[in-house]
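Coordinates from structure-v1.json are shown below (JSON, C-alpha atoms).
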[["chain", "number", "residue", "atom", "x", "y", "z"],
["A", 40, "MET", "CA", -23.02, -5.04, 16.69],
["A", 41, "ARG", "CA", -25.88, -2.76, 17.77],
["A", 42, "VAL", "CA", -26.74, -0.03, 15.25],
["A", 43, "ILE", "CA", -27.73, 3.46, 16.37],
["A", 44, "LYS", "CA", -28.83, 5.73, 13.54],
["A", 45, "ASP", "CA", -30.60, 8.95, 12.57],
["A", 46, "CYS", "CA", -30.62, 10.53, 16.02],
["A", 47, "SER", "CA", -28.96, 13.16, 18.19],
["A", 48, "PHE", "CA", -27.42, 13.16, 21.68],
["A", 49, "ASP", "CA", -26.52, 16.17, 23.81],
["A", 50, "GLU", "CA", -26.48, 14.85, 27.36],
["A", 51, "GLU", "CA", -23.41, 14.16, 29.52],
["A", 52, "ARG", "CA", -21.75, 10.78, 28.79],
["A", 53, "ALA", "CA", -24.52, 9.89, 26.37],
["A", 54, "LEU", "CA", -23.04, 6.52, 25.35],
["A", 55, "TYR", "CA", -20.54, 6.04, 28.15],
["A", 56, "GLY", "CA", -18.92, 2.61, 28.31],
["A", 57, "GLU", "CA", -20.74, 1.23, 25.26],
["A", 58, "HIS", "CA", -19.26, -1.69, 23.31],
["A", 59, "ASP", "CA", -19.89, -3.12, 19.84],
["A", 60, "ILE", "CA", -21.94, -0.27, 18.43],
["A", 61, "LYS", "CA", -22.24, 1.33, 15.00],
["A", 62, "LEU", "CA", -23.36, 4.93, 14.71],
["A", 63, "ILE", "CA", -24.86, 6.07, 11.41],
["A", 64, "ASN", "CA", -26.08, 9.63, 10.76],
["A", 65, "VAL", "CA", -25.75, 10.51, 14.42],
["A", 66, "SER", "CA", -25.17, 13.97, 15.90],
["A", 67, "PHE", "CA", -23.55, 14.80, 19.23],
["A", 68, "SER", "CA", -24.84, 18.33, 19.66],
["A", 69, "GLY", "CA", -27.52, 20.28, 21.51],
["A", 70, "LYS", "CA", -28.52, 22.56, 24.36],
["A", 71, "ALA", "CA", -27.52, 20.22, 27.18],
["A", 72, "ASP", "CA", -23.91, 20.64, 25.99],
["A", 73, "GLY", "CA", -22.83, 17.35, 27.55],
["A", 74, "GLU", "CA", -19.25, 16.10, 27.50],
["A", 75, "SER", "CA", -17.55, 12.70, 27.06],
["A", 76, "ALA", "CA", -20.19, 11.10, 24.84],
["A", 77, "LEU", "CA", -18.28, 7.87, 24.13],
["A", 78, "LYS", "CA", -15.81, 7.73, 27.00],
["A", 79, "GLU", "CA", -14.49, 4.32, 28.14],
["A", 80, "ALA", "CA", -16.04, 2.62, 25.09],
["A", 81, "SER", "CA", -14.70, 0.02, 22.64],
["A", 82, "ASP", "CA", -15.38, -1.50, 19.23],
["A", 83, "ILE", "CA", -17.11, 1.58, 17.85],
["A", 84, "GLU", "CA", -17.87, 2.46, 14.23],
["A", 85, "CYS", "CA", -18.88, 6.02, 13.37],
["A", 86, "GLU", "CA", -20.20, 6.79, 9.89],
["A", 87, "ASN", "CA", -21.47, 10.22, 8.93],
["A", 88, "VAL", "CA", -21.33, 11.38, 12.55],
["A", 89, "LEU", "CA", -21.24, 15.00, 13.70],
["A", 90, "PHE", "CA", -19.13, 15.60, 16.81],
["A", 91, "ASN", "CA", -20.01, 19.06, 18.13],
["A", 92, "LEU", "CA", -19.33, 18.56, 21.87],
["A", 93, "ARG", "CA", -16.18, 18.20, 23.95],
["A", 94, "TYR", "CA", -14.08, 15.12, 24.78],
["A", 95, "PRO", "CA", -16.11, 12.46, 22.92],
["A", 96, "LEU", "CA", -13.54, 9.65, 22.61],
["A", 97, "TRP", "CA", -11.38, 9.24, 25.72],
["A", 98, "HIS", "CA", -9.93, 5.95, 26.99],
["A", 99, "ASP", "CA", -11.41, 4.03, 24.05],
["A", 100, "SER", "CA", -10.14, 1.18, 21.89],
["A", 101, "ASN", "CA", -10.92, -0.09, 18.40],
["A", 102, "VAL", "CA", -12.53, 2.98, 16.89],
["A", 103, "VAL", "CA", -13.43, 3.53, 13.22],
["A", 104, "ILE", "CA", -14.45, 6.98, 12.00],
["A", 105, "LYS", "CA", -15.65, 7.48, 8.42],
["A", 106, "ASN", "CA", -17.09, 10.46, 6.57],
["A", 107, "SER", "CA", -17.50, 12.32, 9.84],
["A", 108, "THR", "CA", -16.87, 15.84, 11.12],
["A", 109, "MET", "CA", -15.48, 17.18, 14.36],
["A", 110, "THR", "CA", -16.30, 20.87, 14.65],
["A", 111, "GLU", "CA", -14.34, 23.62, 16.40],
["A", 112, "ASN", "CA", -16.50, 22.93, 19.46],
["A", 113, "CYS", "CA", -15.23, 19.35, 19.61],
["A", 114, "ARG", "CA", -12.28, 20.06, 21.86],
["A", 115, "ALA", "CA", -9.75, 17.32, 22.70],
["A", 116, "ALA", "CA", -11.64, 14.68, 20.74],
["A", 117, "LEU", "CA", -9.42, 11.60, 21.05],
["A", 118, "TRP", "CA", -7.22, 11.14, 24.14],
["A", 119, "TYR", "CA", -5.72, 7.97, 25.62],
["A", 120, "THR", "CA", -7.27, 5.90, 22.83],
["A", 121, "ASP", "CA", -5.75, 3.08, 20.77],
["A", 122, "ASN", "CA", -6.43, 1.24, 17.53],
["A", 123, "VAL", "CA", -8.10, 4.04, 15.59],
["A", 124, "GLU", "CA", -8.90, 4.36, 11.88],
["A", 125, "ILE", "CA", -10.00, 7.74, 10.51],
["A", 126, "THR", "CA", -10.92, 8.16, 6.82],
["A", 127, "LYS", "CA", -12.56, 10.87, 4.70],
["A", 128, "SER", "CA", -13.25, 13.03, 7.74],
["A", 129, "HIS", "CA", -12.67, 16.56, 9.05],
["A", 130, "LEU", "CA", -10.96, 17.10, 12.40],
["A", 131, "ASN", "CA", -11.41, 20.75, 13.39],
["A", 132, "GLY", "CA", -11.20, 20.98, 17.18],
["A", 133, "ILE", "CA", -8.14, 21.96, 19.18],
["A", 134, "LYS", "CA", -6.00, 19.12, 20.60],
["A", 135, "ALA", "CA", -7.85, 16.53, 18.55],
["A", 136, "LEU", "CA", -5.45, 13.64, 19.19],
["A", 137, "ARG", "CA", -3.27, 13.16, 22.26],
["A", 138, "GLU", "CA", -1.49, 10.22, 23.90],
["A", 139, "CYS", "CA", -3.05, 7.81, 21.43],
["A", 140, "SER", "CA", -1.49, 4.77, 19.74],
["A", 141, "ASN", "CA", -1.93, 2.73, 16.57],
["A", 142, "VAL", "CA", -3.79, 5.41, 14.63],
["A", 143, "ARG", "CA", -4.32, 5.39, 10.85],
["A", 144, "ILE", "CA", -5.50, 8.59, 9.15],
["A", 145, "LYS", "CA", -6.33, 8.73, 5.44],
["A", 146, "ASP", "CA", -8.00, 11.17, 3.02],
["A", 147, "THR", "CA", -8.74, 13.55, 5.87],
["A", 148, "SER", "CA", -8.37, 17.26, 6.68],
["A", 149, "ILE", "CA", -7.11, 18.51, 10.03],
["A", 150, "VAL", "CA", -7.35, 22.04, 11.43],
["A", 151, "SER", "CA", -6.24, 21.55, 15.01],
["A", 152, "PRO", "CA", -3.65, 23.35, 17.14],
["A", 153, "GLU", "CA", -1.63, 20.96, 19.30],
["A", 154, "PHE", "CA", -2.65, 17.89, 17.33],
["A", 155, "GLY", "CA", -1.07, 14.51, 17.99],
["A", 156, "TRP", "CA", 0.94, 15.21, 21.13],
["A", 157, "ARG", "CA", 2.81, 12.30, 22.74],
["A", 158, "SER", "CA", 1.24, 9.69, 20.47],
["A", 159, "SER", "CA", 2.85, 6.60, 18.93],
["A", 160, "SER", "CA", 2.54, 4.42, 15.85],
["A", 161, "ILE", "CA", 0.70, 6.99, 13.76],
["A", 162, "SER", "CA", 0.34, 6.62, 9.99],
["A", 163, "ALA", "CA", -1.17, 9.27, 7.72],
["A", 164, "GLU", "CA", -1.78, 9.36, 3.97],
["A", 165, "ASN", "CA", -3.37, 12.01, 1.74],
["A", 166, "VAL", "CA", -3.91, 14.44, 4.59],
["A", 167, "LYS", "CA", -4.07, 18.25, 4.68],
["A", 168, "ALA", "CA", -3.34, 19.73, 8.10],
["A", 169, "GLU", "CA", -3.02, 23.10, 9.81],
["A", 170, "GLY", "CA", -2.00, 23.89, 13.36],
["A", 171, "GLU", "CA", 0.76, 24.64, 15.84],
["A", 172, "TYR", "CA", 3.03, 22.15, 17.60],
["A", 173, "PHE", "CA", 1.80, 19.38, 15.31],
["A", 174, "MET", "CA", 2.77, 15.87, 16.52],
["A", 175, "PHE", "CA", 4.84, 17.18, 19.45],
["A", 176, "GLU", "CA", 6.85, 14.45, 21.20],
["A", 177, "SER", "CA", 5.33, 11.65, 19.14],
["A", 178, "ARG", "CA", 7.14, 8.59, 17.82],
["A", 179, "LYS", "CA", 6.90, 5.89, 15.19],
["A", 180, "LEU", "CA", 5.37, 8.07, 12.49],
["A", 181, "ASP", "CA", 4.83, 7.08, 8.86],
["A", 182, "PHE", "CA", 3.45, 10.01, 6.80],
["A", 183, "ARG", "CA", 2.87, 10.03, 3.03],
["A", 184, "ASN", "CA", 1.41, 12.71, 0.78],
["A", 185, "ILE", "CA", 0.89, 15.20, 3.59],
["A", 186, "GLU", "CA", 0.41, 18.96, 3.22],
["A", 187, "PHE", "CA", 1.00, 20.84, 6.45],
["A", 188, "LYS", "CA", 0.87, 24.55, 7.23],
["A", 189, "GLY", "CA", 1.60, 26.03, 10.65],
["A", 190, "LYS", "CA", 4.33, 26.55, 13.22],
["A", 191, "TYR", "CA", 6.60, 24.45, 15.41],
["A", 192, "SER", "CA", 5.77, 21.10, 13.83],
["A", 193, "PHE", "CA", 7.30, 17.69, 14.57],
["A", 194, "GLN", "CA", 9.32, 18.88, 17.56],
["A", 195, "TYR", "CA", 10.91, 16.15, 19.71],
["A", 196, "ILE", "CA", 9.58, 13.37, 17.47],
["A", 197, "GLU", "CA", 11.41, 10.04, 17.19],
["A", 198, "ASP", "CA", 11.58, 7.22, 14.63],
["A", 199, "ALA", "CA", 9.68, 8.93, 11.82],
["A", 200, "ARG", "CA", 9.47, 8.66, 8.04],
["A", 201, "PHE", "CA", 7.97, 11.20, 5.64],
["A", 202, "GLU", "CA", 7.57, 10.80, 1.88],
["A", 203, "ASN", "CA", 6.09, 13.05, -0.82],
["A", 204, "CYS", "CA", 5.15, 15.73, 1.70],
["A", 205, "ARG", "CA", 4.96, 19.51, 1.60],
["A", 206, "PHE", "CA", 5.54, 21.46, 4.80],
["A", 207, "ASP", "CA", 5.20, 25.23, 5.22],
["A", 208, "THR", "CA", 6.25, 25.51, 8.82],
["A", 209, "LYS", "CA", 8.56, 27.39, 11.15],
["A", 210, "ASP", "CA", 10.91, 25.56, 13.52],
["A", 211, "ALA", "CA", 10.11, 22.11, 12.14],
["A", 212, "PHE", "CA", 11.87, 18.97, 13.43],
["A", 213, "TRP", "CA", 13.58, 20.64, 16.40],
["A", 214, "HIS", "CA", 15.20, 18.04, 18.65],
["A", 215, "SER", "CA", 13.87, 15.27, 16.40],
["A", 216, "LYS", "CA", 15.64, 11.89, 16.44],
["A", 217, "ASN", "CA", 15.94, 9.14, 13.82],
["A", 218, "THR", "CA", 13.87, 10.86, 11.13],
["A", 219, "THR", "CA", 13.96, 10.36, 7.35],
["A", 220, "VAL", "CA", 12.33, 12.74, 4.84],
["A", 221, "ILE", "CA", 12.13, 11.72, 1.17],
["A", 222, "ASN", "CA", 11.11, 13.64, -1.95],
["A", 223, "SER", "CA", 9.53, 16.46, 0.04],
["A", 224, "VAL", "CA", 9.47, 20.26, 0.24],
["A", 225, "ILE", "CA", 10.17, 21.93, 3.58],
["A", 226, "LYS", "CA", 9.65, 25.68, 3.69],
["A", 227, "GLY", "CA", 10.25, 27.72, 6.83],
["A", 228, "GLU", "CA", 12.75, 29.25, 9.21],
["A", 229, "TYR", "CA", 15.27, 27.48, 11.45],
["A", 230, "LEU", "CA", 14.69, 23.97, 10.15],
["A", 231, "ALA", "CA", 15.68, 21.04, 12.36],
["A", 232, "TRP", "CA", 17.90, 22.74, 14.91],
["A", 233, "TYR", "CA", 19.26, 20.30, 17.51],
["A", 234, "SER", "CA", 18.07, 17.30, 15.48],
["A", 235, "GLU", "CA", 19.83, 13.94, 15.70],
["A", 236, "ASN", "CA", 20.08, 11.33, 12.93],
["A", 237, "LEU", "CA", 18.04, 13.34, 10.42],
["A", 238, "THR", "CA", 18.27, 12.16, 6.79],
["A", 239, "LEU", "CA", 16.94, 14.24, 3.90],
["A", 240, "ILE", "CA", 16.77, 12.57, 0.46],
["A", 241, "ASP", "CA", 15.72, 14.36, -2.75],
["A", 242, "CYS", "CA", 14.25, 17.22, -0.74],
["A", 243, "LYS", "CA", 13.86, 20.94, -1.38],
["A", 244, "ILE", "CA", 14.73, 23.15, 1.58],
["A", 245, "ILE", "CA", 13.52, 26.78, 1.61],
["A", 246, "GLY", "CA", 14.17, 29.44, 4.24],
["A", 247, "THR", "CA", 16.68, 31.08, 6.52],
["A", 248, "GLN", "CA", 19.18, 29.45, 8.89],
["A", 249, "PRO", "CA", 18.37, 25.78, 8.38],
["A", 250, "LEU", "CA", 19.96, 22.71, 9.90],
["A", 251, "CYS", "CA", 22.02, 24.19, 12.72],
["A", 252, "TYR", "CA", 23.32, 22.39, 15.82],
["A", 253, "ALA", "CA", 22.40, 19.07, 14.18],
["A", 254, "ARG", "CA", 24.09, 15.76, 14.97],
["A", 255, "ASN", "CA", 24.64, 13.13, 12.28],
["A", 256, "LEU", "CA", 22.77, 15.10, 9.61],
["A", 257, "LYS", "CA", 22.70, 13.46, 6.16],
["A", 258, "MET", "CA", 21.49, 15.04, 2.93],
["A", 259, "VAL", "CA", 21.35, 13.30, -0.44],
["A", 260, "ASN", "CA", 20.67, 15.21, -3.67],
["A", 261, "CYS", "CA", 18.83, 18.07, -1.99],
["A", 262, "THR", "CA", 18.30, 21.66, -3.16],
["A", 263, "MET", "CA", 18.42, 24.72, -0.92],
["A", 264, "THR", "CA", 16.62, 27.97, -1.77],
["A", 265, "ASP", "CA", 17.02, 31.23, 0.21],
["A", 266, "THR", "CA", 19.03, 29.31, 2.80],
["A", 267, "ASP", "CA", 21.54, 31.57, 4.48],
["A", 268, "LEU", "CA", 23.74, 30.79, 7.50],
["A", 269, "SER", "CA", 23.19, 27.08, 6.96],
["A", 270, "PHE", "CA", 24.70, 24.20, 8.98],
["A", 271, "GLU", "CA", 26.09, 26.24, 11.86],
["A", 272, "LYS", "CA", 27.64, 23.95, 14.52],
["A", 273, "SER", "CA", 26.34, 20.82, 12.75],
["A", 274, "ASP", "CA", 27.88, 17.41, 12.10],
["A", 275, "VAL", "CA", 26.88, 16.95, 8.48],
["A", 276, "ASP", "CA", 27.37, 14.80, 5.39],
["A", 277, "ALA", "CA", 25.54, 16.60, 2.58],
["A", 278, "SER", "CA", 25.32, 16.62, -1.20],
["A", 279, "ILE", "CA", 23.56, 19.76, -2.44],
["A", 280, "THR", "CA", 22.45, 20.37, -6.03],
["A", 281, "GLY", "CA", 22.16, 24.03, -7.03],
["A", 282, "ASP", "CA", 23.13, 27.29, -5.38],
["A", 283, "ILE", "CA", 23.10, 28.10, -1.67],
["A", 284, "LEU", "CA", 23.24, 31.57, -0.15],
["A", 285, "SER", "CA", 25.68, 30.92, 2.68],
["A", 286, "ILE", "CA", 27.24, 28.27, 4.90],
["A", 287, "LYS", "CA", 28.42, 29.11, 8.40],
["A", 288, "ASN", "CA", 30.77, 27.22, 10.69],
["A", 289, "PRO", "CA", 29.86, 23.57, 10.13],
["A", 290, "LYS", "CA", 31.27, 21.64, 13.06],
["A", 291, "SER", "CA", 32.38, 18.51, 11.20],
["A", 292, "GLY", "CA", 31.78, 16.36, 8.13],
["A", 293, "LYS", "CA", 31.60, 17.30, 4.47],
["A", 294, "ILE", "CA", 29.28, 19.50, 2.42],
["A", 295, "THR", "CA", 29.45, 19.12, -1.36],
["A", 296, "VAL", "CA", 27.65, 21.77, -3.41],
["A", 297, "LYS", "CA", 27.11, 21.25, -7.15],
["A", 298, "GLY", "CA", 26.49, 24.95, -7.70],
["A", 299, "LYS", "CA", 27.52, 28.30, -6.31],
["A", 300, "ILE", "CA", 27.92, 29.19, -2.65],
["A", 301, "GLY", "CA", 27.18, 32.86, -2.06],
["A", 302, "SER", "CA", 29.45, 33.07, 0.97],
["A", 303, "ILE", "CA", 31.30, 30.81, 3.38],
["A", 304, "ILE", "CA", 31.61, 32.09, 6.93],
["A", 305, "LEU", "CA", 34.34, 30.45, 9.02],
["A", 306, "ASP", "CA", 34.96, 32.51, 12.13],
["A", 307, "ASP", "CA", 34.98, 29.72, 14.72],
["A", 308, "ASP", "CA", 38.20, 27.78, 15.30],
["A", 309, "ASN", "CA", 36.16, 24.70, 16.27],
["A", 310, "SER", "CA", 34.47, 24.50, 12.86],
["A", 311, "LYS", "CA", 36.19, 21.65, 11.02],
["A", 312, "GLY", "CA", 33.57, 20.78, 8.38],
["A", 313, "GLU", "CA", 34.85, 20.44, 4.82],
["A", 314, "ILE", "CA", 33.07, 22.52, 2.16],
["A", 315, "ILE", "CA", 33.48, 21.58, -1.51],
["A", 316, "GLU", "CA", 32.09, 23.70, -4.35],
["A", 317, "ILE", "CA", 31.84, 21.91, -7.71]]
Would you mind writing the file out in structure tokens?
Amino acid sequence: MRVIKDCSFDEERALYGEHDIKLINVSFSGKADGESALKEASDIECENVLFNLRYPLWHDSNVVIKNSTMTENCRAALWYTDNVEITKSHLNGIKALRECSNVRIKDTSIVSPEFGWRSSSISAENVKAEGEYFMFESRKLDFRNIEFKGKYSFQYIEDARFENCRFDTKDAFWHSKNTTVINSVIKGEYLAWYSENLTLIDCKIIGTQPLCYARNLKMVNCTMTDTDLSFEKSDVDASITGDILSIKNPKSGKITVKGKIGSIILDDDNSKGEIIEI
């Protein structure tokens, strides 16, 4: 593996098509403002690298990024790239990851609107993230110890698992399929509308009008805070611990609440869900 270290590149396609290289203390920045520094490359290791130019890692494979930073100027950093490992880094440019596969992210911070669109086989651990439309239309996700803040996250995702996470996000999990969330806190409005096969275990749900129009929704030992007009038009099997503000017109299934229900609204003849207050 050829080592490139202690230098800077700013020209267009500076290391285009390179293979088997290791970058150490390298900067992609400068007046030439060139794009696509490492496009069509493979078997790349980046350690302590500054990415300050657009589109550096497109159509690549076998990429390792450690202790590196992508600035706000590093737009659309990784697209159409597979087999990626990112650790102890900062991803700050918009659309940082798109249509990528087999990506592992650990001990990293992300500030990136439209991050992770249409990607597959993504794992993340010990990550703090901010953005909008996070992981849109992605599948095969395995996320642990994640803190996310933003809007419209995890929409249209499929085959996903989340554990020990904290999400402060509006409209999360809309149209999601085959998703399990364990021991997590989800705060926001309109949680998981139109979801299918969503399972929530030991979770805390906070915010108005959650879990409406859901199909095959399962909840095990969850709490619900400030949740009014919950479960409207949903097929649900839920066990709730603690009080809930209101339940409205569940379509089918059973909701068991070990606490007080502020109000039950049943004004739709098609709502057949059973509600049990213990």
Of the candidates A:Leu96, A:Leu230, A:Ile304, A:Val259, which shows the shortest atom-to-atom distance to Leu284 (chain A), using all atoms listed in the file?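 Of A:Leu96, A:Leu230, A:Ile304, A:Val259, the one nearest Leu284 (chain A) is A:Ile304, counting all atoms listed in the file.
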Write out as a ChimeraX atom specification each polymer residue whose atoms come within 7 Å of Gly246 (chain A), counting all atoms listed in the file; drop sequence neighbours fewer than 4 positions from it. /A:226-228,264-266
Between A:Arg205, A:Lys190, A:Lys311, A:Arg200, single out the one closest to Val166 (chain A), counting all atoms listed in the file. A:Arg205
How far is it from CA of Thr247 (chain A) to CA of Lys293 (chain A), in Å with one decimal?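 About the pair CA of Thr247 (chain A) and CA of Lys293 (chain A): they are 20.4 Å apart.
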Quick one, how far is CA of Glu202 (chain A) from CA of Cys251 (chain A)?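 That distance, rounded to one decimal, is 22.5 Å.
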CA of Ala80 (chain A) and CA of Phe182 (chain A), how far apart in Å? 27.7 Å
Of the residues A:Asn112, A:Asn236, A:Ser68, A:Ser215, which is the one nearest to Lys257 (chain A), using all atoms listed in the file?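 That would be A:Asn236, the residue with the smallest distance to Lys257 (chain A).
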Residues within 6 Å of region 237-239 of chain A, please, as a PyMOL selection string. Count only C-alpha atoms; anything in the same chain fewer than 4 positions from it doesn't count. chain A and resi 217-220+256-258
File of the preceding selection, C-alpha atoms, as a tab-separated table (two decimals), keeping the file's coordinate frame:
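Generated output (again-v6.tsv):
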chain	number	residue	atom	x	y	z
A	217	ASN	CA	15.94	9.14	13.82
A	218	THR	CA	13.87	10.86	11.13
A	219	THR	CA	13.96	10.36	7.35
A	220	VAL	CA	12.33	12.74	4.84
A	256	LEU	CA	22.77	15.10	9.61
A	257	LYS	CA	22.70	13.46	6.16
A	258	MET	CA	21.49	15.04	2.93
Selection near Lys78 (chain A), 7 Å with all atoms listed in the file, sequence-local residues under 5 positions removed, as a PyMOL selection string: chain A and resi 52+55-56+95-99
Please identify all polymer residues within 8 Å of Thr108 (chain A), counting only C-alpha atoms, omitting same-chain residues fewer than 6 positions from it, and present them as a PyMOL selection string. chain A and resi 87-90+128-131
Incomplete region 188-202 of chain A brought to N, CA, C and O atoms, written out as a tab-separated table (two decimals), in the coordinates of the input:
chain	number	residue	atom	x	y	z
A	188	LYS	N	0.57	23.13	7.11
A	188	LYS	CA	0.87	24.55	7.23
A	188	LYS	C	0.69	24.96	8.68
A	188	LYS	O	-0.35	24.69	9.28
A	189	GLY	N	1.71	25.59	9.27
A	189	GLY	CA	1.60	26.03	10.65
A	189	GLY	C	2.96	26.34	11.23
A	189	GLY	O	3.90	26.65	10.50
A	190	LYS	N	3.08	26.24	12.54
A	190	LYS	CA	4.33	26.55	13.22
A	190	LYS	C	4.73	25.41	14.16
A	190	LYS	O	3.88	24.69	14.67
A	191	TYR	N	6.04	25.29	14.35
A	191	TYR	CA	6.60	24.45	15.41
A	191	TYR	C	6.18	22.97	15.28
A	191	TYR	O	5.82	22.33	16.26
A	192	SER	N	6.24	22.47	14.07
A	192	SER	CA	5.77	21.10	13.83
A	192	SER	C	6.87	20.07	14.07
A	192	SER	O	8.06	20.33	13.91
A	193	PHE	N	6.44	18.87	14.46
A	193	PHE	CA	7.30	17.69	14.57
A	193	PHE	C	8.48	17.92	15.53
A	193	PHE	O	9.57	17.39	15.32
A	194	GLN	N	8.27	18.67	16.57
A	194	GLN	CA	9.32	18.88	17.56
A	194	GLN	C	9.42	17.67	18.50
A	194	GLN	O	8.41	17.11	18.92
A	195	TYR	N	10.62	17.27	18.79
A	195	TYR	CA	10.91	16.15	19.71
A	195	TYR	C	10.32	14.82	19.24
A	195	TYR	O	10.10	13.93	20.05
A	196	ILE	N	10.06	14.66	17.95
A	196	ILE	CA	9.58	13.37	17.47
A	196	ILE	C	10.74	12.38	17.36
A	196	ILE	O	11.91	12.77	17.29
A	197	GLU	N	10.40	11.09	17.33
A	197	GLU	CA	11.41	10.04	17.19
A	197	GLU	C	10.92	8.95	16.23
A	197	GLU	O	9.73	8.66	16.17
A	198	ASP	N	11.86	8.38	15.49
A	198	ASP	CA	11.58	7.22	14.63
A	198	ASP	C	10.45	7.53	13.66
A	198	ASP	O	9.36	6.94	13.71
A	199	ALA	N	10.72	8.46	12.74
A	199	ALA	CA	9.68	8.93	11.82
A	199	ALA	C	10.16	8.86	10.38
A	199	ALA	O	11.35	8.99	10.08
A	200	ARG	N	9.18	8.68	9.48
A	200	ARG	CA	9.47	8.66	8.04
A	200	ARG	C	8.40	9.48	7.31
A	200	ARG	O	7.20	9.31	7.56
A	201	PHE	N	8.87	10.35	6.42
A	201	PHE	CA	7.97	11.20	5.64
A	201	PHE	C	8.33	11.07	4.16
A	201	PHE	O	9.51	11.12	3.81
A	202	GLU	N	7.32	10.94	3.32
A	202	GLU	CA	7.57	10.80	1.88
A	202	GLU	C	6.52	11.57	1.09
A	202	GLU	O	5.33	11.54	1.41
